[in-house]
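To start, the structure itself, in C-alpha cells.
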Amino acid sequence: MRRTHSAPREGGGVMTTPTPLFGIGGPTGVDAADAILRLALRADRQGLDLFAVSDHPYFGARLDAYAITGVVLGRTERISGLVSVTNLPSRPAPMLARTVTSLSALTGGRLVLGLGAGGRWDDIERLGVPRLGPGAAVRAMAEAITLIRALCGGGEPVTFQGEFYEVRDLEPAPVPAPPVWTGSVGPKSLAVTGRLADGWIPGQAADWLSRRYRESRPVIDEAAASAGRDPGDIATVYNMPGVITPGPVDAPRDAGGRWRGGSVSQWIEELTGAVLEFGASGFVHFPAGDLPYETALDLWAEEIAPAVREAVAAAGK
C-alpha cells in the first residue's frame, strides 16, 4: 500500500518519504445505510486509499463496523477498509483474527487492522465485558497483536498461553496478516505501538504540530529502536476533521493550534508540508461544517489528494 521515494530533508540531506495515503471517514448510523454504500463507491472510483469507520458496538443506532467494512469491500474494487479503531475488548483476538483474515482473503488484501485498547469502559461494560484497568488493557492489546499475527500466514497449529488469551492447537489462516495501526495514547500503549505495530493514528485528531504528537512519537520511536526495528517503518496516519471552504481563511488553525480547515489551496499546502517536513504517511478526512458530504468528498479526492501526491512526488525528483 505504501510506496517510498527520496525527498529533500529540511536543512539538507535526504529522507525517505512515503507517497501519502488518503482516506475518508464514513458514517456508521443505521439511518445512513444507503449513503454509506453510495459514498464508498464514489470514494473507490475517485482513487482514495481508505474507507474508515469507527467501532462503537454499544450504540444501537450505529451499524456494526465490521459489517459495514465487509459490505463496502464487497461492493468496491480498489479501496481498503479500516475500522478506526477496533474496540478490542468486545472482539476477542482469536475471533478478530478470523474476521480480518477472512476479509483479507475475500478482497485481495484490502484491509488495515486498526486496533485500540478500549477507551469508553463505562459503555464497554454494558456489553457484559469485564472492565480492565489501563495497564491491563494495554497488556491485552499487546497480546492481541501477537496472537493475531500468529494466527495469520499459515504454518503449524498455534498454542498460546497468555495473561488474557489462551488457544490450543488452533490452525492459522493461510492468509498474510494485515497491517496493524493502533490508536495508542498513553506511554505504555505508545511503546506497544513501537514494538509491535505498523502504524499509529494519533488520538483526538492530534496532528504534526500538536503537543500530543511531539511528546508521543518519540516514545514510539524509542520503543521501536529498542526492539531492533526501524522507527521509520511505523507510519503515522492522521484523522483530519475540518471544513473545506470556498476561499482562503485568515486562521486555518484555532488559538490552540488545532487545524480547523480552509480553502483547497490551504489544505494542499498544509498536507504537503506535513509529508515533506514531518514524514506524515497519510490522512483520513472527516468532513465537518455545512458542506454536503458528497461535495467535501469530491474536493478531498479530486483536488486535494492528487495535488498533494503530485507535490510530494515532485519534491522527490
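Chain lettering (A, B, ...) mirrors the order of the C-alpha cells, residue numbering begins at 1 for each chain separately, and ligand numbering begins at 1 in order of display.
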Do you have, as a tab-separated table, the list of residues of region 271-308 of chain A lying at most 12 Å from region 187-205 of chain A, each with its nearest atom pair and that distance in Å to one decimal, counting only C-alpha atoms and ordered by chain then number?
residue	atom	partner	partner_atom	distance
A:Ala280	CA	A:Trp200	CA	10.6
A:Ser281	CA	A:Gly199	CA	9.0
A:Gly282	CA	A:Ile201	CA	9.6
A:Phe283	CA	A:Ile201	CA	9.5
A:Val284	CA	A:Ile201	CA	9.8
A:His285	CA	A:Ala205	CA	10.2
A:Phe286	CA	A:Ala205	CA	10.0
Residue with smallest distance to Ile220 (chain A) - pool A:Ala315, A:Ala35, A:Ile124, A:Ala235, counting only C-alpha atoms: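 Closest to Ile220 (chain A) of all the choices is A:Ala235.
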Residues of region 233-301 of chain A in strand (DSSP E or B), written as a ChimeraX atom specification: /A:235-245,253,259,261-263,282-287
Which of A:Ser265, A:Thr101, A:Ser80, A:Ser226 sits closest to Gly153 (chain A) [using only C-alpha atoms]: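 Once distances to Gly153 (chain A) are computed over only C-alpha atoms, the minimum belongs to A:Thr101.
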As a compact mmCIF listing (two decimals) with N, CA, C and O atoms, in the first residue's frame, please: every residue in region 86-213 of chain A that DSSP puts in helix (DSSP H, G or I).
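Full text of selection30.txt as output:
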# COMPACT_ATOMS: atom_id res chain seq x y z
N LEU A 88 -11.24 -3.53 20.81
CA LEU A 88 -10.69 -4.85 21.11
C LEU A 88 -11.39 -5.56 22.27
O LEU A 88 -11.64 -6.76 22.18
N PRO A 89 -11.72 -4.89 23.38
CA PRO A 89 -12.34 -5.63 24.49
C PRO A 89 -13.60 -6.38 24.10
O PRO A 89 -13.94 -7.40 24.71
N SER A 90 -14.32 -5.87 23.10
CA SER A 90 -15.57 -6.52 22.69
C SER A 90 -15.37 -7.50 21.53
O SER A 90 -16.33 -8.14 21.09
N ALA A 93 -9.41 -11.55 20.47
CA ALA A 93 -8.36 -11.61 19.45
C ALA A 93 -8.46 -12.83 18.53
O ALA A 93 -8.28 -12.69 17.31
N PRO A 94 -8.71 -14.05 19.03
CA PRO A 94 -8.78 -15.18 18.09
C PRO A 94 -9.88 -15.02 17.05
O PRO A 94 -9.70 -15.34 15.87
N MET A 95 -11.06 -14.51 17.48
CA MET A 95 -12.14 -14.30 16.52
C MET A 95 -11.85 -13.11 15.62
O MET A 95 -12.21 -13.13 14.43
N LEU A 96 -11.21 -12.08 16.16
CA LEU A 96 -10.84 -10.94 15.33
C LEU A 96 -9.86 -11.38 14.25
O LEU A 96 -9.93 -10.92 13.09
N ALA A 97 -8.95 -12.28 14.59
CA ALA A 97 -8.02 -12.82 13.59
C ALA A 97 -8.78 -13.49 12.46
O ALA A 97 -8.45 -13.33 11.28
N ARG A 98 -9.81 -14.27 12.80
CA ARG A 98 -10.61 -14.94 11.77
C ARG A 98 -11.35 -13.92 10.90
O ARG A 98 -11.48 -14.08 9.68
N THR A 99 -11.85 -12.87 11.54
CA THR A 99 -12.56 -11.85 10.78
C THR A 99 -11.65 -11.16 9.78
O THR A 99 -11.98 -11.04 8.59
N VAL A 100 -10.48 -10.70 10.23
CA VAL A 100 -9.63 -9.92 9.34
C VAL A 100 -8.97 -10.79 8.27
O VAL A 100 -8.79 -10.33 7.14
N THR A 101 -8.63 -12.04 8.59
CA THR A 101 -8.05 -12.89 7.55
C THR A 101 -9.11 -13.26 6.52
O THR A 101 -8.80 -13.36 5.32
N SER A 102 -10.34 -13.44 6.95
CA SER A 102 -11.42 -13.74 6.01
C SER A 102 -11.66 -12.57 5.07
O SER A 102 -11.77 -12.73 3.84
N LEU A 103 -11.78 -11.37 5.64
CA LEU A 103 -11.98 -10.18 4.80
C LEU A 103 -10.81 -9.98 3.86
O LEU A 103 -10.99 -9.61 2.69
N SER A 104 -9.60 -10.19 4.35
CA SER A 104 -8.42 -10.01 3.51
C SER A 104 -8.42 -11.00 2.35
O SER A 104 -8.13 -10.65 1.20
N ALA A 105 -8.75 -12.26 2.64
CA ALA A 105 -8.78 -13.28 1.58
C ALA A 105 -9.86 -12.98 0.54
O ALA A 105 -9.66 -13.19 -0.66
N LEU A 106 -10.99 -12.48 0.98
CA LEU A 106 -12.11 -12.21 0.08
C LEU A 106 -11.89 -10.96 -0.77
O LEU A 106 -12.56 -10.79 -1.79
N THR A 107 -10.96 -10.09 -0.36
CA THR A 107 -10.81 -8.79 -1.04
C THR A 107 -9.42 -8.56 -1.61
O THR A 107 -9.10 -7.44 -2.00
N TRP A 121 -14.89 2.67 28.84
CA TRP A 121 -15.14 1.45 29.61
C TRP A 121 -16.53 1.42 30.24
O TRP A 121 -17.10 0.33 30.43
N ASP A 122 -17.10 2.56 30.57
CA ASP A 122 -18.47 2.54 31.09
C ASP A 122 -19.42 1.96 30.05
O ASP A 122 -20.35 1.21 30.38
N ASP A 123 -19.20 2.31 28.78
CA ASP A 123 -20.02 1.76 27.70
C ASP A 123 -19.65 0.32 27.41
O ASP A 123 -20.53 -0.52 27.17
N ILE A 124 -18.37 0.02 27.38
CA ILE A 124 -17.93 -1.35 27.08
C ILE A 124 -18.48 -2.33 28.11
O ILE A 124 -18.92 -3.44 27.76
N GLU A 125 -18.52 -1.93 29.38
CA GLU A 125 -19.05 -2.81 30.42
C GLU A 125 -20.52 -3.15 30.18
O GLU A 125 -20.98 -4.23 30.59
N PRO A 134 -6.18 0.49 33.09
CA PRO A 134 -5.38 0.97 31.96
C PRO A 134 -4.18 0.09 31.63
O PRO A 134 -3.93 -0.22 30.46
N GLY A 135 -3.42 -0.33 32.65
CA GLY A 135 -2.26 -1.16 32.38
C GLY A 135 -2.63 -2.51 31.81
O GLY A 135 -2.00 -3.00 30.86
N ALA A 136 -3.68 -3.13 32.36
CA ALA A 136 -4.12 -4.43 31.86
C ALA A 136 -4.64 -4.32 30.43
O ALA A 136 -4.40 -5.20 29.60
N ALA A 137 -5.36 -3.24 30.13
CA ALA A 137 -5.89 -3.07 28.77
C ALA A 137 -4.76 -2.97 27.75
O ALA A 137 -4.85 -3.52 26.64
N VAL A 138 -3.68 -2.30 28.10
CA VAL A 138 -2.54 -2.19 27.20
C VAL A 138 -1.85 -3.55 27.03
O VAL A 138 -1.48 -3.93 25.92
N ARG A 139 -1.70 -4.29 28.11
CA ARG A 139 -1.09 -5.62 28.01
C ARG A 139 -1.95 -6.53 27.15
O ARG A 139 -1.45 -7.35 26.37
N ALA A 140 -3.27 -6.40 27.29
CA ALA A 140 -4.18 -7.20 26.47
C ALA A 140 -4.04 -6.85 24.99
O ALA A 140 -4.11 -7.73 24.12
N MET A 141 -3.84 -5.56 24.68
CA MET A 141 -3.65 -5.16 23.29
C MET A 141 -2.36 -5.75 22.72
O MET A 141 -2.34 -6.24 21.59
N ALA A 142 -1.29 -5.71 23.51
CA ALA A 142 -0.03 -6.28 23.04
C ALA A 142 -0.18 -7.78 22.79
O ALA A 142 0.30 -8.30 21.77
N GLU A 143 -0.86 -8.48 23.69
CA GLU A 143 -1.10 -9.92 23.49
C GLU A 143 -1.92 -10.16 22.24
O GLU A 143 -1.68 -11.10 21.48
N ALA A 144 -2.94 -9.31 22.03
CA ALA A 144 -3.81 -9.48 20.87
C ALA A 144 -3.04 -9.34 19.56
O ALA A 144 -3.23 -10.13 18.63
N ILE A 145 -2.17 -8.33 19.48
CA ILE A 145 -1.39 -8.16 18.25
C ILE A 145 -0.53 -9.39 18.00
O ILE A 145 -0.46 -9.92 16.89
N THR A 146 0.14 -9.87 19.06
CA THR A 146 1.00 -11.05 18.92
C THR A 146 0.20 -12.27 18.49
O THR A 146 0.61 -13.01 17.58
N LEU A 147 -0.95 -12.49 19.11
CA LEU A 147 -1.76 -13.67 18.79
C LEU A 147 -2.37 -13.57 17.40
O LEU A 147 -2.38 -14.56 16.65
N ILE A 148 -2.88 -12.41 17.05
CA ILE A 148 -3.47 -12.25 15.71
C ILE A 148 -2.43 -12.54 14.64
O ILE A 148 -2.70 -13.25 13.65
N ARG A 149 -1.23 -12.02 14.82
CA ARG A 149 -0.18 -12.29 13.83
C ARG A 149 0.15 -13.78 13.78
O ARG A 149 0.41 -14.34 12.71
N ALA A 150 0.16 -14.44 14.93
CA ALA A 150 0.45 -15.88 14.96
C ALA A 150 -0.62 -16.69 14.23
O ALA A 150 -0.34 -17.78 13.71
N PRO A 187 1.80 6.41 27.45
CA PRO A 187 3.18 5.95 27.21
C PRO A 187 3.31 4.44 27.02
O PRO A 187 4.04 3.98 26.13
N LYS A 188 2.61 3.64 27.84
CA LYS A 188 2.72 2.19 27.71
C LYS A 188 2.12 1.70 26.40
O LYS A 188 2.67 0.82 25.74
N SER A 189 1.00 2.29 26.03
CA SER A 189 0.36 1.92 24.78
C SER A 189 1.21 2.35 23.58
O SER A 189 1.34 1.62 22.59
N LEU A 190 1.80 3.53 23.65
CA LEU A 190 2.68 4.00 22.59
C LEU A 190 3.89 3.10 22.44
O LEU A 190 4.34 2.82 21.32
N ALA A 191 4.41 2.60 23.56
CA ALA A 191 5.55 1.69 23.49
C ALA A 191 5.16 0.38 22.81
O ALA A 191 5.96 -0.19 22.05
N VAL A 192 3.95 -0.10 23.04
CA VAL A 192 3.47 -1.29 22.34
C VAL A 192 3.44 -1.03 20.84
O VAL A 192 3.84 -1.88 20.03
N THR A 193 2.98 0.15 20.45
CA THR A 193 2.98 0.51 19.03
C THR A 193 4.38 0.44 18.46
O THR A 193 4.60 -0.11 17.37
N GLY A 194 5.34 0.99 19.16
CA GLY A 194 6.72 0.96 18.69
C GLY A 194 7.27 -0.45 18.56
O GLY A 194 8.00 -0.75 17.62
N ARG A 195 6.92 -1.31 19.49
CA ARG A 195 7.45 -2.67 19.47
C ARG A 195 6.77 -3.57 18.46
O ARG A 195 7.40 -4.44 17.86
N LEU A 196 5.44 -3.34 18.23
CA LEU A 196 4.68 -4.37 17.53
C LEU A 196 3.88 -3.89 16.31
O LEU A 196 3.56 -4.71 15.45
N GLY A 203 -4.41 10.08 18.71
CA GLY A 203 -5.74 10.25 19.27
C GLY A 203 -6.21 11.69 19.26
O GLY A 203 -5.43 12.63 19.16
N GLN A 204 -7.53 11.84 19.36
CA GLN A 204 -8.18 13.15 19.45
C GLN A 204 -7.83 14.06 18.28
O GLN A 204 -7.72 15.28 18.42
N ALA A 205 -7.66 13.46 17.10
CA ALA A 205 -7.36 14.20 15.87
C ALA A 205 -6.13 15.11 16.03
O ALA A 205 -6.05 16.18 15.43
N ARG A 211 1.06 19.18 20.60
CA ARG A 211 1.89 18.71 21.71
C ARG A 211 1.80 17.19 21.84
O ARG A 211 2.80 16.53 22.16
N ARG A 212 0.62 16.64 21.61
CA ARG A 212 0.45 15.18 21.71
C ARG A 212 1.42 14.46 20.76
O ARG A 212 2.05 13.49 21.13
N TYR A 213 1.51 14.96 19.53
CA TYR A 213 2.42 14.32 18.58
C TYR A 213 3.88 14.48 19.04
O TYR A 213 4.65 13.51 19.04
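Ranking A:Val72, A:Cys152, A:Gly108, A:Val167 by their shortest atom-to-atom distance to Pro92 (chain A), with only C-alpha atoms included, puts A:Val167 first.
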Can you pull out every residue within 10 Å of Gly273 (chain A), counting only C-alpha atoms, but drop anything in the same chain fewer than 6 positions away, and send it as a PyMOL selection string? chain A and resi 208+267+279-280+308+311-312
Export, as a CSV table (one decimal), in the first residue's frame, the selected residues with N, CA, C and O atoms.
chain,number,residue,atom,x,y,z
A,208,TRP,N,0.6,16.9,13.4
A,208,TRP,CA,2.0,17.0,13.5
A,208,TRP,C,2.5,18.2,14.2
A,208,TRP,O,3.7,18.3,14.6
A,267,TRP,N,-5.5,23.6,2.3
A,267,TRP,CA,-5.3,22.2,2.7
A,267,TRP,C,-4.1,21.5,1.9
A,267,TRP,O,-3.3,20.8,2.5
A,279,GLY,N,7.1,13.9,7.8
A,279,GLY,CA,7.1,12.5,7.5
A,279,GLY,C,5.7,11.9,7.6
A,279,GLY,O,5.6,10.7,7.9
A,280,ALA,N,4.6,12.7,7.5
A,280,ALA,CA,3.3,12.1,7.6
A,280,ALA,C,3.1,11.0,6.5
A,280,ALA,O,3.5,11.2,5.4
A,308,VAL,N,-1.6,17.0,-3.5
A,308,VAL,CA,-0.6,16.7,-2.5
A,308,VAL,C,0.3,15.6,-3.0
A,308,VAL,O,1.6,15.6,-2.9
A,311,ALA,N,2.7,17.0,-5.5
A,311,ALA,CA,3.8,17.9,-4.9
A,311,ALA,C,4.8,17.1,-4.2
A,311,ALA,O,6.0,17.4,-4.3
A,312,VAL,N,4.4,16.0,-3.5
A,312,VAL,CA,5.3,15.1,-2.8
A,312,VAL,C,6.2,14.4,-3.9
A,312,VAL,O,7.4,14.3,-3.7
Show me, as a CSV table (one decimal) with N, CA, C and O atoms, in the first residue's frame, the residues that have an atom within 8 Å of Thr69 (chain A) when counting only C-alpha atoms, minus same-chain residues fewer than 6 positions from it.
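Okay, part28.csv is ready:
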chain,number,residue,atom,x,y,z
A,53,VAL,N,-14.2,3.6,9.2
A,53,VAL,CA,-15.4,3.7,10.1
A,53,VAL,C,-15.0,3.5,11.5
A,53,VAL,O,-14.1,2.7,11.8
A,81,GLY,N,-10.4,-1.1,3.5
A,81,GLY,CA,-11.2,-0.9,4.7
A,81,GLY,C,-10.4,-0.7,5.9
A,81,GLY,O,-9.4,-1.4,6.1
A,82,LEU,N,-10.8,0.2,6.8
A,82,LEU,CA,-10.1,0.4,8.1
A,82,LEU,C,-11.2,0.7,9.1
A,82,LEU,O,-11.9,1.6,9.0
A,83,VAL,N,-11.2,-0.1,10.2
A,83,VAL,CA,-12.0,0.2,11.3
A,83,VAL,C,-11.1,0.9,12.3
A,83,VAL,O,-10.1,0.4,12.8
Which residue, A:Asp250, A:Asp55, A:Asp31, A:Asp44, has the smallest gap to Gly119 (chain A) when you use only C-alpha atoms? A:Asp55
Find the spatial neighbours of Pro248 (chain A), counting only C-alpha atoms, within a cut-off of 12 Å - ignore same-chain residues fewer than 2 positions away - and output them as a PyMOL selection string. chain A and resi 243-246+250-252+261-269
Can you spit out the residues from that selection as a compact mmCIF listing (two decimals), in the first residue's frame, using all heavy atoms?
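As written to disk, result28.txt reads:
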# COMPACT_ATOMS: atom_id res chain seq x y z
N VAL A 243 -13.19 21.78 7.87
CA VAL A 243 -14.04 22.27 6.79
C VAL A 243 -13.17 22.60 5.57
O VAL A 243 -12.01 22.98 5.70
CB VAL A 243 -14.84 23.51 7.22
CG1 VAL A 243 -15.78 23.16 8.35
CG2 VAL A 243 -13.91 24.65 7.63
N ILE A 244 -13.75 22.43 4.41
CA ILE A 244 -13.13 22.87 3.16
C ILE A 244 -13.94 24.07 2.69
O ILE A 244 -15.12 23.94 2.35
CB ILE A 244 -13.12 21.76 2.11
CG1 ILE A 244 -12.41 20.51 2.65
CG2 ILE A 244 -12.42 22.24 0.83
CD1 ILE A 244 -12.47 19.31 1.72
N THR A 245 -13.33 25.24 2.72
CA THR A 245 -14.04 26.49 2.48
C THR A 245 -13.90 26.94 1.02
O THR A 245 -12.95 26.55 0.33
CB THR A 245 -13.51 27.59 3.41
OG1 THR A 245 -12.10 27.76 3.18
CG2 THR A 245 -13.72 27.21 4.87
N PRO A 246 -14.83 27.78 0.55
CA PRO A 246 -14.77 28.25 -0.84
C PRO A 246 -13.52 29.08 -1.13
O PRO A 246 -13.00 29.06 -2.25
CB PRO A 246 -16.04 29.08 -1.01
CG PRO A 246 -16.94 28.62 0.08
CD PRO A 246 -16.06 28.22 1.21
N ASP A 250 -8.44 33.34 7.17
CA ASP A 250 -7.33 34.01 7.85
C ASP A 250 -6.66 33.12 8.89
O ASP A 250 -5.46 33.25 9.13
CB ASP A 250 -7.82 35.30 8.51
CG ASP A 250 -8.25 36.35 7.50
OD1 ASP A 250 -7.74 36.30 6.35
OD2 ASP A 250 -9.11 37.18 7.84
N ALA A 251 -7.43 32.24 9.50
CA ALA A 251 -6.89 31.42 10.59
C ALA A 251 -7.30 29.96 10.40
O ALA A 251 -8.31 29.51 10.96
CB ALA A 251 -7.39 31.94 11.93
N PRO A 252 -6.54 29.20 9.61
CA PRO A 252 -6.88 27.79 9.42
C PRO A 252 -6.69 26.95 10.67
O PRO A 252 -7.21 25.84 10.75
CB PRO A 252 -5.94 27.34 8.30
CG PRO A 252 -4.83 28.32 8.31
CD PRO A 252 -5.39 29.61 8.77
N GLY A 261 -9.35 23.97 9.19
CA GLY A 261 -9.67 23.86 7.79
C GLY A 261 -9.46 25.17 7.06
O GLY A 261 -9.07 26.18 7.65
N GLY A 262 -9.72 25.13 5.77
CA GLY A 262 -9.53 26.30 4.94
C GLY A 262 -9.85 25.95 3.50
O GLY A 262 -10.55 24.97 3.22
N SER A 263 -9.33 26.74 2.60
CA SER A 263 -9.59 26.52 1.17
C SER A 263 -8.83 25.29 0.68
O SER A 263 -7.94 24.76 1.37
CB SER A 263 -9.16 27.74 0.38
OG SER A 263 -7.74 27.89 0.45
N VAL A 264 -9.15 24.87 -0.53
CA VAL A 264 -8.44 23.74 -1.14
C VAL A 264 -6.93 24.00 -1.16
O VAL A 264 -6.13 23.14 -0.80
CB VAL A 264 -8.97 23.48 -2.56
CG1 VAL A 264 -8.03 22.55 -3.33
CG2 VAL A 264 -10.37 22.89 -2.50
N SER A 265 -6.53 25.21 -1.54
CA SER A 265 -5.11 25.51 -1.61
C SER A 265 -4.46 25.48 -0.23
O SER A 265 -3.30 25.05 -0.08
CB SER A 265 -4.88 26.87 -2.27
OG SER A 265 -5.48 27.91 -1.52
N GLN A 266 -5.18 25.90 0.79
CA GLN A 266 -4.63 25.85 2.15
C GLN A 266 -4.49 24.41 2.64
O GLN A 266 -3.50 24.06 3.30
CB GLN A 266 -5.51 26.67 3.10
CG GLN A 266 -5.34 28.17 2.92
CD GLN A 266 -6.30 28.98 3.77
OE1 GLN A 266 -7.52 28.75 3.75
NE2 GLN A 266 -5.76 29.93 4.52
N TRP A 267 -5.46 23.58 2.33
CA TRP A 267 -5.33 22.16 2.67
C TRP A 267 -4.13 21.54 1.95
O TRP A 267 -3.34 20.80 2.55
CB TRP A 267 -6.60 21.40 2.26
CG TRP A 267 -7.72 21.44 3.24
CD1 TRP A 267 -8.74 22.36 3.29
CD2 TRP A 267 -7.97 20.53 4.31
NE1 TRP A 267 -9.60 22.07 4.32
CE2 TRP A 267 -9.16 20.95 4.97
CE3 TRP A 267 -7.32 19.39 4.78
CZ2 TRP A 267 -9.69 20.26 6.06
CZ3 TRP A 267 -7.85 18.71 5.87
CH2 TRP A 267 -9.02 19.14 6.50
N ILE A 268 -3.96 21.85 0.67
CA ILE A 268 -2.85 21.28 -0.10
C ILE A 268 -1.51 21.70 0.50
O ILE A 268 -0.61 20.87 0.70
CB ILE A 268 -2.95 21.71 -1.58
CG1 ILE A 268 -4.18 21.07 -2.23
CG2 ILE A 268 -1.67 21.34 -2.34
CD1 ILE A 268 -4.52 21.65 -3.59
N GLU A 269 -1.38 22.97 0.80
CA GLU A 269 -0.12 23.47 1.38
C GLU A 269 0.16 22.81 2.73
O GLU A 269 1.30 22.39 3.01
CB GLU A 269 -0.19 24.98 1.54
CG GLU A 269 1.08 25.59 2.13
CD GLU A 269 0.98 27.10 2.27
OE1 GLU A 269 -0.11 27.65 2.03
OE2 GLU A 269 1.99 27.72 2.63
